[in-house]
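Enquirer: So that you have it, the file is work-v2.txt, and it contains compact mmCIF, C-alpha atoms and all ligand atoms:
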```txt
# COMPACT_ATOMS: atom_id res chain seq x y z
CA SER F 1 13.92 34.50 50.19
CA SER F 2 16.30 37.45 49.93
CA GLY F 3 17.66 36.16 46.63
CA ARG F 4 21.13 36.25 48.12
CA GLU F 5 23.81 33.65 47.47
CA PRO F 6 23.67 31.13 50.29
CA VAL F 7 26.02 31.78 53.21
CA THR F 8 27.85 28.77 54.64
CA ALA F 9 27.60 28.61 58.42
CA THR F 10 29.09 26.10 60.83
CA LEU F 11 26.59 24.11 62.90
CA PHE F 12 27.58 22.18 66.03
CA PRO F 13 24.60 19.92 66.87
CA GLY F 14 26.17 19.30 70.28
CA ASP F 15 25.10 16.73 72.88
CA GLY F 16 22.04 15.85 74.93
CA VAL F 17 19.04 17.79 73.62
CA GLY F 18 21.43 19.62 71.27
CA PRO F 19 20.73 17.51 68.16
CA GLU F 20 16.94 17.62 68.79
CA ILE F 21 16.82 21.41 68.98
CA SER F 22 19.39 21.88 66.18
CA ASP F 23 17.21 19.81 63.85
CA ARG F 24 14.23 22.01 64.68
CA VAL F 25 16.21 25.17 63.91
CA VAL F 26 17.36 23.73 60.58
CA GLU F 27 13.73 22.81 59.80
CA ILE F 28 12.44 26.32 60.63
CA PHE F 29 15.23 27.99 58.62
CA GLU F 30 14.34 25.80 55.64
CA ALA F 31 10.65 26.66 55.94
CA ALA F 32 11.59 30.34 56.07
CA LYS F 33 13.80 29.89 52.98
CA VAL F 34 16.83 31.33 54.72
CA PRO F 35 19.79 31.36 52.32
CA ILE F 36 22.10 29.36 54.57
CA LYS F 37 24.09 26.20 53.92
CA TRP F 38 25.12 24.33 57.04
CA ASP F 39 28.61 22.95 57.53
CA VAL F 40 27.78 20.41 60.24
CA GLN F 41 30.62 19.76 62.67
CA ILE F 42 30.59 16.86 65.11
CA VAL F 43 32.83 17.03 68.14
CA GLY F 44 34.83 13.83 68.49
CA LYS F 45 34.95 11.26 71.27
CA GLU F 46 38.75 11.45 71.44
CA VAL F 47 41.14 14.24 72.28
CA ASP F 48 42.75 15.84 69.22
CA PRO F 49 46.45 16.26 70.09
CA ARG F 50 46.60 19.35 67.86
CA THR F 51 44.09 21.18 70.04
CA ASN F 52 44.48 19.20 73.27
CA SER F 53 40.69 19.06 73.30
CA PHE F 54 37.71 17.07 72.02
CA ILE F 55 37.20 20.02 69.68
CA SER F 56 39.29 19.00 66.67
CA ARG F 57 41.42 21.14 64.41
CA GLU F 58 38.80 20.54 61.65
CA ASN F 59 36.01 21.80 63.95
CA LEU F 60 37.95 25.00 64.61
CA ASP F 61 38.96 25.46 60.97
CA SER F 62 35.32 25.28 59.92
CA VAL F 63 34.44 28.29 62.11
CA LEU F 64 37.61 30.13 61.13
CA LYS F 65 36.77 29.65 57.46
CA ASN F 66 33.02 30.39 57.59
CA ARG F 67 33.42 33.07 60.31
CA ILE F 68 29.85 32.43 61.42
CA GLY F 69 28.35 29.54 63.34
CA LEU F 70 25.63 28.22 65.59
CA LYS F 71 26.42 25.92 68.48
CA ALA F 72 24.15 23.67 70.53
CA PRO F 73 25.11 22.85 74.12
CA MET F 74 27.92 20.36 74.59
CA ALA F 75 28.47 18.00 77.51
CA THR F 76 31.67 18.78 79.33
CA PRO F 77 33.75 15.57 79.41
CA ILE F 78 35.12 14.81 82.86
CA GLY F 79 38.78 14.04 83.11
CA LYS F 80 42.21 15.55 83.31
CA GLY F 81 44.80 16.51 80.74
CA PHE F 82 42.68 18.30 78.18
CA ARG F 83 41.00 21.64 77.77
CA SER F 84 37.26 22.17 78.23
CA LEU F 85 35.25 22.50 75.02
CA ASN F 86 34.05 26.02 75.64
CA LEU F 87 37.50 27.21 76.76
CA THR F 88 39.03 25.72 73.60
CA LEU F 89 36.53 27.55 71.41
CA ARG F 90 36.98 30.81 73.30
CA LYS F 91 40.77 30.74 73.20
CA GLU F 92 41.29 29.37 69.69
CA LEU F 93 38.66 31.56 68.07
CA GLN F 94 39.56 34.54 70.29
CA LEU F 95 35.97 35.11 71.27
CA TYR F 96 36.44 38.29 73.27
CA ALA F 97 32.86 39.41 73.84
CA ASN F 98 29.73 37.58 74.98
CA VAL F 99 26.43 39.18 73.99
CA ARG F 100 23.05 38.32 75.47
CA PRO F 101 19.89 40.07 74.39
CA CYS F 102 17.22 39.87 77.12
CA LEU F 103 13.75 40.59 75.90
CA SER F 104 10.47 40.16 77.79
CA ILE F 105 8.42 37.61 75.92
CA PRO F 106 4.74 38.59 75.59
CA GLY F 107 2.56 35.74 76.77
CA TYR F 108 5.17 34.32 79.09
CA LYS F 109 4.45 36.06 82.36
CA THR F 110 7.37 37.15 84.50
CA ARG F 111 7.63 39.90 87.10
CA TYR F 112 8.37 42.53 84.44
CA ASP F 113 6.98 42.75 80.93
CA ASN F 114 9.02 45.62 79.53
CA ILE F 115 12.62 44.37 79.51
CA ASP F 116 14.63 44.90 76.35
CA LEU F 117 18.31 45.02 77.22
CA VAL F 118 21.57 43.52 76.02
CA THR F 119 24.51 42.52 78.21
CA ILE F 120 27.98 42.63 76.68
CA ARG F 121 30.65 40.87 78.70
CA GLU F 122 34.41 41.08 78.26
CA ASN F 123 35.40 37.45 77.92
CA THR F 124 39.19 37.14 77.96
CA GLU F 125 40.62 38.66 81.14
CA GLY F 126 39.60 40.24 84.43
CA GLU F 127 39.16 37.80 87.30
CA TYR F 128 39.12 34.86 84.83
CA SER F 129 42.75 35.12 83.81
CA GLY F 130 43.54 31.93 85.71
CA LEU F 131 46.45 33.49 87.58
CA GLU F 132 46.28 32.33 91.18
CA HIS F 133 48.91 31.20 93.62
CA GLU F 134 49.45 30.61 97.31
CA VAL F 135 51.87 33.22 98.62
CA VAL F 136 52.38 31.56 102.03
CA PRO F 137 50.16 28.91 103.64
CA GLY F 138 46.75 30.43 104.23
CA VAL F 139 47.26 33.36 101.86
CA VAL F 140 46.23 33.18 98.21
CA GLU F 141 46.73 35.81 95.59
CA SER F 142 44.41 35.88 92.56
CA LEU F 143 45.24 38.34 89.82
CA LYS F 144 42.61 40.39 88.05
CA ILE F 145 44.03 41.60 84.75
CA ILE F 146 42.51 44.62 83.03
CA THR F 147 44.18 45.90 79.88
CA ARG F 148 43.58 48.94 77.74
CA VAL F 149 43.50 46.76 74.59
CA ALA F 150 40.79 44.35 75.80
CA SER F 151 38.70 47.06 77.50
CA THR F 152 38.74 49.30 74.42
CA ARG F 153 37.96 46.33 72.16
CA VAL F 154 34.86 45.32 74.12
CA ALA F 155 33.72 48.95 74.51
CA GLU F 156 34.04 49.48 70.75
CA PHE F 157 32.02 46.34 70.17
CA ALA F 158 29.31 47.58 72.57
CA PHE F 159 28.99 50.96 70.84
CA GLU F 160 29.07 49.42 67.35
CA TYR F 161 26.37 46.98 68.46
CA ALA F 162 24.31 49.87 69.83
CA ARG F 163 24.66 51.79 66.58
CA LYS F 164 23.83 48.81 64.35
CA HIS F 165 20.77 47.86 66.41
CA ASN F 166 19.46 51.42 66.90
CA ARG F 167 20.00 51.38 70.63
CA ARG F 168 19.98 54.65 72.55
CA LYS F 169 22.27 54.07 75.54
CA VAL F 170 25.33 52.17 76.76
CA THR F 171 25.87 51.63 80.50
CA ALA F 172 29.38 50.70 81.66
CA VAL F 173 29.22 48.63 84.84
CA HIS F 174 32.14 48.81 87.27
CA LYS F 175 33.44 49.00 90.84
CA ALA F 176 36.02 51.71 90.25
CA ASN F 177 35.33 53.28 93.64
CA ILE F 178 37.14 50.28 95.18
CA MET F 179 39.22 48.86 92.31
CA LYS F 180 40.46 52.29 91.34
CA LEU F 181 43.16 51.18 88.92
CA ALA F 182 41.62 48.07 87.33
CA ASP F 183 37.99 49.11 86.95
CA GLY F 184 39.20 52.69 86.67
CA LEU F 185 41.00 51.73 83.45
CA PHE F 186 37.96 49.81 82.20
CA ILE F 187 35.62 52.79 82.49
CA LYS F 188 38.26 55.18 81.20
CA CYS F 189 38.41 53.11 78.00
CA CYS F 190 34.59 52.96 77.77
CA ARG F 191 34.40 56.74 78.26
CA GLU F 192 37.00 57.37 75.55
CA VAL F 193 35.16 55.16 73.08
CA SER F 194 31.83 56.81 73.97
CA GLU F 195 33.15 60.16 72.74
CA ARG F 196 33.24 58.76 69.21
CA TYR F 197 29.50 57.93 69.40
CA PRO F 198 27.83 61.23 70.28
CA GLU F 199 24.39 59.96 69.21
CA ILE F 200 24.48 57.23 71.88
CA GLU F 201 23.94 58.17 75.50
CA TYR F 202 26.65 56.90 77.85
CA GLU F 203 26.45 56.29 81.60
CA GLU F 204 28.51 54.53 84.26
CA MET F 205 27.00 52.56 87.12
CA ILE F 206 28.56 50.80 90.11
CA VAL F 207 27.88 47.05 89.97
CA ASP F 208 26.06 46.70 93.31
CA ASN F 209 23.70 49.54 92.47
CA THR F 210 23.28 48.01 88.99
CA CYS F 211 21.98 44.79 90.56
CA MET F 212 19.47 46.69 92.64
CA GLN F 213 18.36 48.78 89.66
CA LEU F 214 18.02 45.65 87.50
CA VAL F 215 15.68 43.88 89.87
CA SER F 216 13.64 47.00 90.69
CA ARG F 217 13.51 48.94 87.39
CA PRO F 218 15.06 46.91 84.56
CA SER F 219 13.41 48.91 81.75
CA GLN F 220 15.90 51.76 82.31
CA PHE F 221 18.69 49.65 80.77
CA ASP F 222 19.58 49.29 77.12
CA VAL F 223 23.09 48.06 76.20
CA MET F 224 25.31 47.16 79.20
CA CYS F 225 29.07 46.70 78.91
CA MET F 226 31.13 45.11 81.66
CA PRO F 227 34.27 43.27 82.71
CA ASN F 228 34.26 39.47 82.87
CA LEU F 229 33.08 38.63 86.41
CA TYR F 230 30.31 41.24 86.60
CA GLY F 231 29.20 40.15 83.13
CA ASP F 232 29.02 36.51 84.16
CA ILE F 233 26.78 37.28 87.12
CA ILE F 234 24.65 40.04 85.63
CA SER F 235 23.95 38.19 82.37
CA ASP F 236 22.52 35.28 84.36
CA LEU F 237 20.52 37.66 86.53
CA CYS F 238 19.04 39.12 83.34
CA ALA F 239 18.23 35.66 81.93
CA GLY F 240 16.30 35.01 85.13
CA LEU F 241 14.40 38.28 84.73
CA ILE F 242 12.93 37.25 81.38
CA GLY F 243 12.05 33.68 82.30
CA GLY F 244 15.17 31.61 82.25
CA LEU F 245 17.26 29.14 80.36
CA GLY F 246 14.98 27.83 77.64
CA LEU F 247 14.50 31.32 76.23
CA THR F 248 17.87 33.05 76.32
CA PRO F 249 20.15 33.24 73.25
CA SER F 250 23.73 34.45 73.22
CA GLY F 251 26.54 35.33 70.89
CA ASN F 252 30.30 35.01 71.19
CA ILE F 253 32.17 37.54 69.12
CA GLY F 254 35.74 37.26 67.87
CA THR F 255 38.05 39.42 65.81
CA ASN F 256 37.01 40.76 62.42
CA GLY F 257 33.36 39.93 62.98
CA LEU F 258 33.73 36.18 63.54
CA ALA F 259 30.75 35.03 65.60
CA LEU F 260 29.54 31.82 67.20
CA MET F 261 26.00 31.95 68.61
CA GLU F 262 24.63 29.55 71.22
CA ALA F 263 21.77 28.95 73.61
CA VAL F 264 22.66 29.78 77.20
CA HIS F 265 21.36 26.48 78.60
CA GLY F 266 23.16 23.13 78.86
CA THR F 267 22.45 19.69 77.39
CA ALA F 268 19.39 19.07 79.63
CA PRO F 269 20.30 15.39 80.26
CA ASP F 270 17.08 14.85 82.24
CA ILE F 271 14.84 15.33 79.17
CA VAL F 272 16.97 13.95 76.29
CA GLY F 273 15.05 12.07 73.60
CA GLN F 274 11.63 12.84 75.15
CA ASN F 275 10.52 15.53 72.71
CA LYS F 276 10.32 17.98 75.64
CA ALA F 277 13.16 20.42 74.94
CA ASN F 278 12.27 24.00 74.18
CA PRO F 279 14.08 25.04 70.98
CA THR F 280 13.48 28.78 71.55
CA ALA F 281 16.91 29.72 72.95
CA MET F 282 18.66 27.89 70.10
CA LEU F 283 16.28 29.39 67.52
CA LEU F 284 16.75 32.93 68.85
CA SER F 285 20.52 32.33 68.79
CA GLY F 286 20.03 31.48 65.11
CA VAL F 287 18.10 34.74 64.73
CA MET F 288 21.06 36.61 66.26
CA MET F 289 23.29 34.84 63.77
CA LEU F 290 21.12 35.98 60.85
CA ARG F 291 21.21 39.59 62.07
CA HIS F 292 24.98 39.37 62.43
CA ILE F 293 25.32 38.48 58.74
CA ASN F 294 22.70 41.06 57.76
CA LEU F 295 19.89 38.65 56.91
CA SER F 296 17.59 40.91 58.94
CA LYS F 297 14.41 40.24 57.01
CA GLU F 298 14.63 36.49 57.65
CA ALA F 299 15.69 37.15 61.26
CA ASP F 300 12.66 39.38 61.90
CA MET F 301 10.26 36.90 60.30
CA ILE F 302 11.50 33.93 62.34
CA GLU F 303 11.67 35.88 65.59
CA LYS F 304 8.14 37.14 65.09
CA ALA F 305 6.80 33.65 64.34
CA CYS F 306 8.48 32.31 67.48
CA LEU F 307 7.27 35.11 69.75
CA ASP F 308 3.75 35.01 68.26
CA THR F 309 3.56 31.27 68.91
CA ILE F 310 4.56 31.77 72.53
CA ALA F 311 2.13 34.70 72.90
CA GLU F 312 -0.70 32.63 71.45
CA GLY F 313 0.01 30.05 74.13
CA LYS F 314 -1.60 27.06 72.42
CA TYR F 315 1.54 25.04 71.73
CA LEU F 316 3.93 25.71 74.60
CA THR F 317 6.60 23.30 75.81
CA ARG F 318 6.50 22.19 79.43
CA ASP F 319 9.16 24.57 80.70
CA LEU F 320 6.81 27.39 79.59
CA GLY F 321 3.87 25.81 81.37
CA GLY F 322 2.39 24.10 78.30
CA LYS F 323 1.84 20.49 77.27
CA SER F 324 3.24 20.44 73.75
CA GLY F 325 6.27 18.57 72.54
CA THR F 326 9.25 20.08 70.74
CA THR F 327 7.87 19.00 67.35
CA ASP F 328 4.36 20.48 67.76
CA PHE F 329 5.80 23.76 69.04
CA THR F 330 8.07 23.78 65.98
CA LYS F 331 5.14 23.09 63.64
CA ALA F 332 3.25 26.00 65.19
CA ILE F 333 6.23 28.32 64.59
CA ILE F 334 6.47 27.19 60.96
CA GLY F 335 2.73 27.77 60.60
CA ALA F 336 3.18 31.31 61.93
CA LEU F 337 5.89 32.23 59.39
CA ASP F 338 4.51 34.65 56.85
CA ASP F 339 5.64 34.52 53.25
P1 LIG R 401 21.07 22.43 81.87
O1 LIG R 401 20.86 23.79 81.30
O2 LIG R 401 21.40 21.37 80.89
O3 LIG R 401 19.75 21.96 82.64
C1 LIG R 401 19.19 22.66 83.75
C2 LIG R 401 17.66 22.42 83.80
O4 LIG R 401 17.05 23.19 82.77
C3 LIG R 401 17.27 20.98 83.53
O5 LIG R 401 16.15 20.64 84.33
C4 LIG R 401 16.88 20.98 82.07
O6 LIG R 401 15.92 19.98 81.73
C5 LIG R 401 16.31 22.37 81.89
N1 LIG R 401 16.52 22.85 80.51
C6 LIG R 401 17.69 23.29 79.96
N2 LIG R 401 17.51 23.60 78.68
C7 LIG R 401 16.22 23.37 78.40
C8 LIG R 401 15.44 23.50 77.22
N3 LIG R 401 15.95 23.94 76.06
N4 LIG R 401 14.13 23.16 77.27
C9 LIG R 401 13.59 22.71 78.40
N5 LIG R 401 14.27 22.57 79.56
C10 LIG R 401 15.58 22.88 79.55
O7 LIG R 401 22.21 22.55 82.97
P2 LIG R 401 23.08 21.42 83.71
O8 LIG R 401 22.17 20.29 84.08
O9 LIG R 401 23.79 22.14 84.77
O10 LIG R 401 24.14 20.91 82.67
C11 LIG R 401 24.03 19.71 81.91
C12 LIG R 401 25.25 19.57 80.97
O11 LIG R 401 25.30 20.67 80.06
C13 LIG R 401 26.61 19.53 81.65
O12 LIG R 401 27.42 18.56 80.99
C14 LIG R 401 27.18 20.90 81.40
O13 LIG R 401 28.58 20.91 81.37
C15 LIG R 401 26.61 21.21 80.04
N6 LIG R 401 26.52 22.66 79.76
C16 LIG R 401 26.94 23.06 78.54
C17 LIG R 401 26.83 24.39 78.18
C18 LIG R 401 27.32 24.81 76.82
O14 LIG R 401 27.70 23.99 76.00
N7 LIG R 401 27.32 26.09 76.53
C19 LIG R 401 26.27 25.32 79.07
C20 LIG R 401 25.82 24.87 80.32
C21 LIG R 401 25.95 23.53 80.65
```
Just give me the structure as structure tokens.
Ligand code: NAD

Expert:
Amino acid sequence: SSGREPVTATLFPGDGVGPEISDRVVEIFEAAKVPIKWDVQIVGKEVDPRTNSFISRENLDSVLKNRIGLKAPMATPIGKGFRSLNLTLRKELQLYANVRPCLSIPGYKTRYDNIDLVTIRENTEGEYSGLEHEVVPGVVESLKIITRVASTRVAEFAFEYARKHNRRKVTAVHKANIMKLADGLFIKCCREVSERYPEIEYEEMIVDNTCMQLVSRPSQFDVMCMPNLYGDIISDLCAGLIGGLGLTPSGNIGTNGLALMEAVHGTAPDIVGQNKANPTAMLLSGVMMLRHINLSKEADMIEKACLDTIAEGKYLTRDLGGKSGTTDFTKAIIGALDD
């Protein structure tokens, strides 16, 4: 162990396979002697009038107090009159950036084996501002909002991330040739921020070309920074490039370093309670969390044990083409941890 005082982190075990994979992460963290104390938060079955959501005030306060958390997937309740869980978290915690590292996993064969990129998506505005109206029958107007404040904030996060993680380049993705004002402002802000980071290479790329470059030569990319809609699409494209849902972690970043990490996948209702879920995406989200609070030694050790276990190929879950259950895969990871 690092000998550090334990850090308290919020844990949402979530729904569906969420509790199964959360338990495995807790188990692996314990085996690795990570100095973390979990503040477990269960999302209620009733709407909290203070939040107008199933996410209660206490749930939110836990993250606001600890400023760091790990979240398993949550089932979206169907019904009207309340806010979706993820929207509540994003708005109340002001999670303005979504970060997804995409790393080729040795031993899990995909079309490319040399991908190591990170997508950073602006998460509060753009096409997702929710401002739509019908002007006259048959004509709808949908507003795309781009502000200097939000664009600069996400660009600063991208460059700080690049610096902290020893990355060499940031690519701003845009369509400023068509959306001259909106995307024009976005890249202007990125360009201004880039001038404060002379050691990091900066480039701009039009989104359609970016898609073609990603599927034909993904290794050219390092950190990518983009407005909301392009980020939504491109981050999923990148998850597909490295082998999909069971493997992809993500982080949601708020002001003053608050962060809530989560697997990209959902609650996998078709395999709940069958010991089939792959805990990798949740575990690697935990690894991101450790790096965020500067527990890098523990993060590196756990990541290595997980990747080595996949590379060895003896104890893979079904989604990776193996026959092992969640628990045996977890045991193998614990066995691969070095002291
Ligand atoms: P899903 O990701 O749950 O499942 C899609 C497919 O991938 C399924 O076949 C599933 O078995 C498989 N899969 C997903 N994660 C896996 C894992 N860790 N290991 C092995 N296989 C895995 O997507 P869905 O079916 O569209 O959504 C189910 C529920 O999850 C919905 O209620 C949805 O709202 C919710 N959801 C939540 C989040 C979140 O909380 N962030 C994200 C996406 C979906």

Enquirer: Name the residues in contact with Leu181 (chain F) at a cut-off of 9 Å, using all atoms listed in the file, excluding same-chain residues fewer than 5 positions from it; report them as a list in words.

Expert: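 What passes the distance filter is Ile146, Ala176 and Phe186 of chain F.
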
Enquirer: Let me have all residues with an atom within 10 Å of ligand LIG 401 (chain R), counting all atoms listed in the file, laid out as number ranges by chain.

Expert: F: 14-18, 20-21, 71-78, 84-86, 244-248, 250, 261-272, 275-282, 317-320, 326

Enquirer: Residues near His174 (chain F), anyone? I mean within 6 Å using all atoms listed in the file, not counting same-chain ones fewer than 2 positions away, as a list in words.

Expert: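 Result of the neighbour search: Ala176, Asp183, Ile206 and Val207 of chain F.
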
Enquirer: Keeping only C-alpha atoms, write the selected residues to a file as a PDB file, keeping the file's coordinate frame.

Expert:
```
ATOM      1  CA  ALA F 176      36.020  51.710  90.250  1.00  0.00           C
ATOM      2  CA  ASP F 183      37.990  49.110  86.950  1.00  0.00           C
ATOM      3  CA  ILE F 206      28.560  50.800  90.110  1.00  0.00           C
ATOM      4  CA  VAL F 207      27.880  47.050  89.970  1.00  0.00           C
TER       5      VAL F 207
END
```

Enquirer: Quick one: residues within 12 Å of (20.6, 52.3, 71.5) (file frame), counting only C-alpha atoms, please, as a list in words.

Expert: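 Residues satisfying the cut-off, written out: Asp116, Leu117, Val118, Ala158, Phe159, Glu160, Tyr161, Ala162, Arg163, Lys164, His165, Asn166, Arg167, Arg168, Lys169, Val170, Thr171, Tyr197, Pro198, Glu199, Ile200, Glu201, Tyr202, Gln220, Phe221, Asp222, Val223 and Met224 of chain F.
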
Enquirer: May I ask for the distance between CA of Glu127 (chain F) and CA of Leu229 (chain F), given in Å to one decimal place?

Expert: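 Distance between the two atoms: 6.2 Å.
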
Enquirer: What is the CA of Leu95 (chain F)-CA of Val149 (chain F) distance in Å, reported with one decimal?

Expert: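 Atom-to-atom, CA of Leu95 (chain F) and CA of Val149 (chain F) are spaced 14.3 Å apart.
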
Enquirer: I'd like to know which of F:Gly335, F:Pro218, F:Gly184, F:Gly286 is closest to Pro249 (chain F), using all atoms listed in the file.

Expert: F:Gly286

Enquirer: Could you work out an axis-aligned bounding box for all listed atoms of region 147-163 of chain F, with 6 Å added on each of the six sides, and give its centre and edge lengths in Å to one decimal, as lines of an AutoDock Vina configuration file?

Expert:
```
center_x = 34.2
center_y = 48.1
center_z = 73.2
size_x = 31.9
size_y = 19.4
size_z = 25.3
```

Enquirer: Using all atoms listed in the file, find the one residue out of F:Ile178, F:Ala336, F:Ile115, F:Val287 that sits nearest to Ile310 (chain F).

Expert: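 Among the listed residues, the smallest separation from Ile310 (chain F) belongs to F:Ala336.
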
Enquirer: Please indicate the distance in Å from CA of Thr210 (chain F) to CA of Asn123 (chain F), rounded to one decimal place.

Expert: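 Separating CA of Thr210 (chain F) from CA of Asn123 (chain F) is a distance of 19.5 Å.
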
Enquirer: For region 130-144 of chain F, list every protein, DNA or RNA residue within 12 Å, evaluated using only C-alpha atoms, and leave out those in the same chain fewer than 5 positions away; present the list as a PyMOL selection string.

Expert: chain F and resi 87+124-125+179+181-183+227-229

Enquirer: For the structure just given, write the atoms of region 155-176 of chain F, namely N, CA and C atoms, as an mmCIF file, in the first residue's frame.

Expert:
```
data_model
loop_
_atom_site.group_PDB
_atom_site.id
_atom_site.type_symbol
_atom_site.label_atom_id
_atom_site.label_comp_id
_atom_site.auth_asym_id
_atom_site.auth_seq_id
_atom_site.Cartn_x
_atom_site.Cartn_y
_atom_site.Cartn_z
ATOM 1 N N ALA F 155 -11.623 22.688 -23.261
ATOM 2 C CA ALA F 155 -10.287 22.709 -23.887
ATOM 3 C C ALA F 155 -9.205 22.712 -22.807
ATOM 4 N N GLU F 156 -9.418 23.508 -21.765
ATOM 5 C CA GLU F 156 -8.431 23.528 -20.668
ATOM 6 C C GLU F 156 -8.329 22.159 -20.019
ATOM 7 N N PHE F 157 -9.481 21.502 -19.853
ATOM 8 C CA PHE F 157 -9.431 20.167 -19.271
ATOM 9 C C PHE F 157 -8.632 19.222 -20.173
ATOM 10 N N ALA F 158 -8.855 19.307 -21.488
ATOM 11 C CA ALA F 158 -8.160 18.417 -22.431
ATOM 12 C C ALA F 158 -6.644 18.617 -22.368
ATOM 13 N N PHE F 159 -6.208 19.866 -22.327
ATOM 14 C CA PHE F 159 -4.758 20.124 -22.288
ATOM 15 C C PHE F 159 -4.162 19.748 -20.931
ATOM 16 N N GLU F 160 -4.894 20.013 -19.852
ATOM 17 C CA GLU F 160 -4.407 19.593 -18.525
ATOM 18 C C GLU F 160 -4.297 18.071 -18.458
ATOM 19 N N TYR F 161 -5.294 17.396 -19.029
ATOM 20 C CA TYR F 161 -5.276 15.928 -19.055
ATOM 21 C C TYR F 161 -4.051 15.453 -19.835
ATOM 22 N N ALA F 162 -3.823 16.081 -20.989
ATOM 23 C CA ALA F 162 -2.676 15.697 -21.823
ATOM 24 C C ALA F 162 -1.371 15.876 -21.055
ATOM 25 N N ARG F 163 -1.267 17.000 -20.365
ATOM 26 C CA ARG F 163 -0.033 17.273 -19.609
ATOM 27 C C ARG F 163 0.156 16.246 -18.498
ATOM 28 N N LYS F 164 -0.919 16.021 -17.714
ATOM 29 C CA LYS F 164 -0.816 15.106 -16.574
ATOM 30 C C LYS F 164 -0.487 13.682 -17.011
ATOM 31 N N HIS F 165 -1.006 13.268 -18.169
ATOM 32 C CA HIS F 165 -0.819 11.889 -18.612
ATOM 33 C C HIS F 165 0.272 11.749 -19.676
ATOM 34 N N ASN F 166 1.131 12.756 -19.773
ATOM 35 C CA ASN F 166 2.254 12.714 -20.730
ATOM 36 C C ASN F 166 1.822 12.397 -22.151
ATOM 37 N N ARG F 167 0.781 13.060 -22.578
ATOM 38 C CA ARG F 167 0.314 12.878 -23.949
ATOM 39 C C ARG F 167 0.947 13.943 -24.833
ATOM 40 N N ARG F 168 1.102 13.599 -26.148
ATOM 41 C CA ARG F 168 1.890 14.514 -26.987
ATOM 42 C C ARG F 168 1.036 15.463 -27.825
ATOM 43 N N LYS F 169 -0.255 15.119 -28.027
ATOM 44 C CA LYS F 169 -1.031 15.893 -29.004
ATOM 45 C C LYS F 169 -2.491 16.011 -28.600
ATOM 46 N N VAL F 170 -3.101 17.157 -28.920
ATOM 47 C CA VAL F 170 -4.552 17.320 -28.770
ATOM 48 C C VAL F 170 -5.127 17.660 -30.148
ATOM 49 N N THR F 171 -6.169 16.920 -30.547
ATOM 50 C CA THR F 171 -6.861 17.210 -31.810
ATOM 51 C C THR F 171 -8.239 17.778 -31.488
ATOM 52 N N ALA F 172 -8.529 18.973 -31.971
ATOM 53 C CA ALA F 172 -9.873 19.545 -31.815
ATOM 54 C C ALA F 172 -10.694 19.142 -33.033
ATOM 55 N N VAL F 173 -11.857 18.552 -32.784
ATOM 56 C CA VAL F 173 -12.701 18.048 -33.871
ATOM 57 C C VAL F 173 -13.869 19.019 -34.072
ATOM 58 N N HIS F 174 -14.167 19.344 -35.324
ATOM 59 C CA HIS F 174 -15.147 20.410 -35.572
ATOM 60 C C HIS F 174 -15.762 20.310 -36.967
ATOM 61 N N LYS F 175 -16.687 21.209 -37.256
ATOM 62 C CA LYS F 175 -17.238 21.355 -38.607
ATOM 63 C C LYS F 175 -17.366 22.867 -38.864
ATOM 64 N N ALA F 176 -16.297 23.566 -38.607
ATOM 65 C CA ALA F 176 -16.335 25.028 -38.682
ATOM 66 C C ALA F 176 -16.397 25.541 -40.117
#
```
